[in-house]
Number of protein chains: 2
Amino acid sequence: MKEMHHTERYKIDIPSVNETIMADEGDILAEKILQAGIPLSLYCSQKGLCGKCFVEILDGKLPPLKEREKVFITQKGLNQNHRLSCLYRIQSDIRLRIPLESMIQEVPILHTGVESPVELNPAIKKFHLKLKKPEIGLPYSFQEAVENYFQKKLSIPLPLLKKLPGNIEKGWSWITAAVYNDEEILSLEPGHTVNNNFGIAIDLGTTTVVVELINLNTGETLDIETARNSQMTYGSDIMSRISFAVGDPKNAEELRRSILKTLNGMIGQVLTRNKISRSSVYEIVIAGNTAMNHLLLGLPVKSLALSPYQSVFSCLPELSSVDLKFKINRHGKVYISPNIKSFVGGDVSAGLAASDLENRKGNLLFVDLGTNGEIVLKTEEGFLATSTAAGPAFEGMNISCGMLALPGAIYRAEYKNQLVFSTIKNKPVLGICGTGLIDFIAIFLDEGKITPKGQIKDDAQRIRISDNISITQKDVREMQLAIAAIKCGIKMILLKRQLQFGDLDGIFIAGAFGNYLNIENSMRIGLLPRIDKNKVHFIGNSSIAGAKGFLLSGPTRKRIESLVKKIQFFSLASDPLFQKHFIEAIEFQKQSL
Amino acid sequence: MKEMHHTERYKIDIPSVNETIMADEGDILAEKILQAGIPLSLYCSQKGLCGKCFVEILDGKLPPLKEREKVFITQKGLNQNHRLSCLYRIQSDIRLRIPLESMIQEVPILHTGVESPVELNPAIKKFHLKLKKPEIGLPYSFQEAVENYFQKKLSIPLPLLKKLPGNIEKGWSWITAAVYNDEEILSLEPGHTVNNNFGIAIDLGTTTVVVELINLNTGETLDIETARNSQMTYGSDIMSRISFAVGDPKNAEELRRSILKTLNGMIGQVLTRNKISRSSVYEIVIAGNTAMNHLLLGLPVKSLALSPYQSVFSCLPELSSVDLKFKINRHGKVYISPNIKSFVGGDVSAGLAASDLENRKGNLLFVDLGTNGEIVLKTEEGFLATSTAAGPAFEGMNISCGMLALPGAIYRAEYKNQLVFSTIKNKPVLGICGTGLIDFIAIFLDEGKITPKGQIKDDAQRIRISDNISITQKDVREMQLAIAAIKCGIKMILLKRQLQFGDLDGIFIAGAFGNYLNIENSMRIGLLPRIDKNKVHFIGNSSIAGAKGFLLSGPTRKRIESLVKKIQFFSLASDPLFQKHFIEAIEFQKQSL
């Protein structure tokens, strides 16, 4: 007996990608394309709102253009054979072309040779929509008028609801909505303002703060502003700032206000330079270490400085920009990159987002070289993290001729028959920054001017580099301690997983050192394990790169939040073997395991 | 061949309910009990937090008491054979007793003979929990310490996070958390404060406001306060208040402040009387008509008064008590009973929650008799709603000797050889309220003093009732219009579904009339259809009853919100047949269809 219900089967031919898909009558074209593994953009979750999934129907039924399609076709200058595949129900064999613009867009967030693109899928999306005039007999509410367009329940802040009837009366029928996480309306604006959709990524460092202005529709970085963390006035290192904050609640508030003022000022500058209004900025993502993010949020920091070193939060839900007093859109959001543990903060989780260790194979080491060295190891067993107090020597602090990596700092040195060095921006020598110090020590070790134990052989206890620049015995000792902290951290994290240097498939070096760090010299002095140099990757400021990744991709946040929960942590300093390994590590040598 | 993996099957015997359940080794006891259809309390979603699902193990394995169980057993004075069934893994045959307290609790919300209990499952729940001291080597965050206890991600407001470390330092280890919707912490308090869990239900009427203080753990009403809506000063009816508000934004703000002050004052009174602090009140539910809820929220009301009569919102997500300036716990919530349509507001959706029409069978009519008469018909086809402008005559307004249903008002009259009447609280006669007017008209119609067309036969155009009380020709005309509005509404809503009076299986009368309304007289004058009197149910103030239902049951909110979306609406006044039916309805008569 034949089946009673019979649906027609049709053939969907996509010559450009050499695919032929079979589909039933009435199937949604977009869904069939996705099922075939073609990365069609899902930007608005198949609601016909974003106009991103257009296909050109070369052969097959062409249903009349829907109102939304007409508008997009005009805006984009497409020909009349284009249809939104998420609204297209299959009713014939089709041959079609998928324009490149209809595919998922990926944005690179690292700029250092390591590929780590994120899918452009920001938490904030803007859509152009038309509010229907209500009719007598069907007097739906203004809120429903918006919800009907989105075909889902949305939360709309009361202040926006308040203005909605008046604005519609003024003649708004086409409006632009900024939507957060597909569930909350942040803005309702007259006309077509879809293109004004901006976000701010912030690397909130102890010493330096970076603010990046980003177009949320394209992923493009429009501007970057770097400044000194204004809290430096209250203490150059984290611990002195914590002490200051713990001393008096007013001090903590002063620190909060100080950094907030800096950040709002920097945001103002990039916006002014790019002629963008604050109300077109809907989200800020902040990646900072635990102390920095706690101080910014006004959370108590005492527990960060006392054993067992607890942070107050790990993953926070999105916060309100107004509550935190950030000057962007008044319904804007602030996302804080999650803390892993008290000394492995949001800068590291952002770094993990940027380096995408989770999706790379093998035994991988992530090292953030800074005042606090954070080390994360990924193996088949999962992620293991620790932190090690390197001190500020890598940033040129506590070094007689040391300085931050600013113009005039010697950042690179070589021995080619004689000592040759370069300064940042080729400015006259002002001092030596971290990478320069590492190069000098490696050279002097080779020359025998410094012994493996770190002793300067010269009686003057000082090695002259130029007229007013030299390296003292004390400088070498400071560097030895900083290097030993990292060396010891790397060694112990590998020991915890019974790995040797040779088992490592990759090392990702994050931090301001960037590409300036000389790998050979770093290995020579024992800072980095001696492995195949091709396995060492500099990823630069991965904190700001990760913040950008979070800003451009909601799913990346979810992925890192769940990763953060799973990362195991061990406390280096409280490990009984720490003393032994640290003392061993003080001697410059080819590091061994 | 035998199966390789073999799990033991065990028998769970529950003599008190005559049930025997089979279970596999390792099954959770609570889940097996639920699967057997026994309504075990699910209060904390099986996390061992609420201590509500205790069973007494009469025979069978008794695993050692868990820490949480020990605490609850002491608190509740239970014997040592009790175990929390949500934490109990089956490992033997068991015979057990389920105490009544472990069953789902139902709370009646109507007090008028119509049964309509809700399951006690408030959106706000309080739990007593112990924060683990962090350990060196595992320094989880304070936020995680709370989340770990709940075994899920929770949002904690920044101000609560700020205080958490200090409070734990002060020696808090046992704390009580108030949790909203299983996802947001509203309060973290030292010690055991689970019993201090209160909510406020509000009926926000145009004329009268009712505030009810409710224990969210037991469902008990602790106190009720009734007051005049202070906005009466700005206009006794809705339309005059809307005109006032539309005139100037300052006026709208004045109306908002006025009602807010009244409500905060009333809340203060019930709390003071019951010695409850504002911080122990975590939620307010407000049921009011659209104009009243819009004015309270500061939303524009112009569109409510102009065709096509749009409200600004229908279903709002929970609002913050601080944003709305309600004086309860600073992280408290405010839930607004959803509006169905511009003239069928949150008071009616609360009424539908209270009457539970959705779960009753047959063709059912819900009529809210007030200045605005709202009529909802439920049939197999679904829900249909309309509203009809009855005017204020039922509230005694625009009637020469009319008054609100206050002490001294004639609320009931009979003819037993002579005219006999009663006043509210037996006070000396001051006037006649709505139910009294209905009785008098019915009696005078029977006596022939009033003709079916509403003409007073006496030349004086006035019927004397007592020394200073009489009913004038104008009074009769006012009542005719009010009655006709309701008559016409009921008739037309039935016509829309091709129903006749005889097809009705029940009429639920809501409104302040309560039990005072004489059914026979109401049918005599045509206000109610003539059907079997046993099918007519007075449900009293169903707006406050529904608000209480929403407060005590999160699931009821979800149910009514989705119902509200499905209710069809028709505009009575814009129906072409309205004029004809209205004119017909003006004549007193046995109403016919």
# chains A, B, ... in the order shown; residues from 1 in each chain; ligands from 1
$ interface_residues --of "chain B" --to "chain A" --cutoff "9 Å" --atoms "only C-alpha atoms" --output "PyMOL selection string"
chain B and resi 134-144+153-156+158-159+161-166+297-300+302-303+307-317+319+339-342+568-572+574-575
$ residues_around --residues "Ile90 of chain B" --least-positions-apart "2" --cutoff "10 Å" --atoms "only C-alpha atoms" --output "JSON, numbers by chain"
{"B": [8, 9, 10, 11, 12, 23, 24, 25, 26, 27, 28, 29, 30, 32, 60, 61, 62, 63, 85, 87, 88, 92, 93, 94]}
$ closest_residue --among "A:Ser230, A:Thr176, A:Asn121, A:Thr112" --to "Tyr149 of chain A" --atoms "only C-alpha atoms"
A:Thr176
$ residues_around --residues "Lys487 of chain A" --least-positions-apart "5" --cutoff "8 Å" --atoms "only C-alpha atoms" --output "number ranges by chain"
A: 526-529, 585, 591
$ write_last_selection --atoms "N, CA, C and O atoms" --output "PDB file, in the first residue's frame"
ATOM      1  N   GLY A 526      67.801  30.612  30.817  1.00  0.00           N
ATOM      2  CA  GLY A 526      66.936  29.676  31.539  1.00  0.00           C
ATOM      3  C   GLY A 526      65.516  30.159  31.740  1.00  0.00           C
ATOM      4  O   GLY A 526      64.706  29.478  32.369  1.00  0.00           O
ATOM      5  N   LEU A 527      65.191  31.344  31.207  1.00  0.00           N
ATOM      6  CA  LEU A 527      63.824  31.852  31.388  1.00  0.00           C
ATOM      7  C   LEU A 527      62.824  30.933  30.696  1.00  0.00           C
ATOM      8  O   LEU A 527      61.748  30.632  31.232  1.00  0.00           O
ATOM      9  N   LEU A 528      63.185  30.492  29.477  1.00  0.00           N
ATOM     10  CA  LEU A 528      62.312  29.579  28.741  1.00  0.00           C
ATOM     11  C   LEU A 528      62.990  28.220  28.630  1.00  0.00           C
ATOM     12  O   LEU A 528      64.218  28.143  28.531  1.00  0.00           O
ATOM     13  N   PRO A 529      62.185  27.159  28.631  1.00  0.00           N
ATOM     14  CA  PRO A 529      62.762  25.830  28.437  1.00  0.00           C
ATOM     15  C   PRO A 529      63.390  25.744  27.048  1.00  0.00           C
ATOM     16  O   PRO A 529      62.894  26.373  26.098  1.00  0.00           O
ATOM     17  N   ALA A 585      66.785  27.213  40.804  1.00  0.00           N
ATOM     18  CA  ALA A 585      66.497  27.987  39.598  1.00  0.00           C
ATOM     19  C   ALA A 585      67.260  29.304  39.553  1.00  0.00           C
ATOM     20  O   ALA A 585      67.354  29.946  38.508  1.00  0.00           O
ATOM     21  N   GLN A 591      68.209  25.336  31.476  1.00  0.00           N
ATOM     22  CA  GLN A 591      67.252  24.767  32.415  1.00  0.00           C
ATOM     23  C   GLN A 591      67.041  23.285  32.107  1.00  0.00           C
ATOM     24  O   GLN A 591      66.991  22.886  30.953  1.00  0.00           O
TER      25      GLN A 591
END
$ residues_around --residues "Ser236 of chain A" --least-positions-apart "2" --cutoff "12 Å" --atoms "only C-alpha atoms" --output "ChimeraX atom specification"
/A:205-208,228-234,238-244,371,391-392,395,397-398
$ residues_around --residues "Glu19 of chain B" --least-positions-apart "5" --cutoff "10 Å" --atoms "only C-alpha atoms" --output "number ranges by chain"
B: 12-14, 33, 36-38
$ write_last_selection --atoms "all heavy atoms" --output "PDB file, in the first residue's frame"
ATOM      1  N   ILE B  12      10.478  -0.575  47.118  1.00  0.00           N
ATOM      2  CA  ILE B  12      10.230   0.542  48.041  1.00  0.00           C
ATOM      3  C   ILE B  12       8.770   0.446  48.453  1.00  0.00           C
ATOM      4  O   ILE B  12       7.877   0.604  47.614  1.00  0.00           O
ATOM      5  CB  ILE B  12      10.464   1.913  47.351  1.00  0.00           C
ATOM      6  CG1 ILE B  12      11.745   1.913  46.511  1.00  0.00           C
ATOM      7  CG2 ILE B  12      10.464   3.046  48.363  1.00  0.00           C
ATOM      8  CD1 ILE B  12      12.995   1.663  47.274  1.00  0.00           C
ATOM      9  N   ASP B  13       8.561   0.239  49.720  1.00  0.00           N
ATOM     10  CA  ASP B  13       7.208  -0.004  50.222  1.00  0.00           C
ATOM     11  C   ASP B  13       6.753   1.222  51.019  1.00  0.00           C
ATOM     12  O   ASP B  13       7.443   1.654  51.951  1.00  0.00           O
ATOM     13  CB  ASP B  13       7.268  -1.262  51.120  1.00  0.00           C
ATOM     14  CG  ASP B  13       5.878  -1.781  51.428  1.00  0.00           C
ATOM     15  OD1 ASP B  13       4.940  -1.421  50.687  1.00  0.00           O
ATOM     16  OD2 ASP B  13       5.749  -2.524  52.426  1.00  0.00           O
ATOM     17  N   ILE B  14       5.621   1.795  50.629  1.00  0.00           N
ATOM     18  CA  ILE B  14       5.114   2.977  51.352  1.00  0.00           C
ATOM     19  C   ILE B  14       3.717   2.644  51.843  1.00  0.00           C
ATOM     20  O   ILE B  14       2.717   2.962  51.195  1.00  0.00           O
ATOM     21  CB  ILE B  14       5.089   4.225  50.449  1.00  0.00           C
ATOM     22  CG1 ILE B  14       6.402   4.299  49.627  1.00  0.00           C
ATOM     23  CG2 ILE B  14       4.899   5.500  51.268  1.00  0.00           C
ATOM     24  CD1 ILE B  14       6.432   5.423  48.612  1.00  0.00           C
ATOM     25  N   ILE B  33       9.855   8.362  44.238  1.00  0.00           N
ATOM     26  CA  ILE B  33       8.583   8.718  44.900  1.00  0.00           C
ATOM     27  C   ILE B  33       7.755   9.606  43.972  1.00  0.00           C
ATOM     28  O   ILE B  33       6.555   9.420  43.801  1.00  0.00           O
ATOM     29  CB  ILE B  33       8.854   9.431  46.255  1.00  0.00           C
ATOM     30  CG1 ILE B  33       9.533   8.459  47.227  1.00  0.00           C
ATOM     31  CG2 ILE B  33       7.573   9.990  46.847  1.00  0.00           C
ATOM     32  CD1 ILE B  33       9.981   9.089  48.544  1.00  0.00           C
ATOM     33  N   ALA B  36       6.159   7.852  41.096  1.00  0.00           N
ATOM     34  CA  ALA B  36       4.980   7.090  41.493  1.00  0.00           C
ATOM     35  C   ALA B  36       3.761   7.990  41.670  1.00  0.00           C
ATOM     36  O   ALA B  36       2.691   7.514  42.043  1.00  0.00           O
ATOM     37  CB  ALA B  36       5.270   6.326  42.782  1.00  0.00           C
ATOM     38  N   GLY B  37       3.930   9.283  41.397  1.00  0.00           N
ATOM     39  CA  GLY B  37       2.789  10.201  41.443  1.00  0.00           C
ATOM     40  C   GLY B  37       2.486  10.732  42.832  1.00  0.00           C
ATOM     41  O   GLY B  37       1.432  11.322  43.061  1.00  0.00           O
ATOM     42  N   ILE B  38       3.390  10.502  43.761  1.00  0.00           N
ATOM     43  CA  ILE B  38       3.180  11.036  45.112  1.00  0.00           C
ATOM     44  C   ILE B  38       3.723  12.468  45.135  1.00  0.00           C
ATOM     45  O   ILE B  38       4.868  12.710  44.762  1.00  0.00           O
ATOM     46  CB  ILE B  38       3.899  10.158  46.165  1.00  0.00           C
ATOM     47  CG1 ILE B  38       3.310   8.740  46.121  1.00  0.00           C
ATOM     48  CG2 ILE B  38       3.804  10.760  47.558  1.00  0.00           C
ATOM     49  CD1 ILE B  38       4.099   7.706  46.894  1.00  0.00           C
TER      50      ILE B  38
END
$ select_by_dssp --residues "segment 200-303 of chain A" --states "helix (DSSP H, G or I)" --output "ChimeraX atom specification"
/A:230-234,238-247,249-273,278-280,290-297,302-303
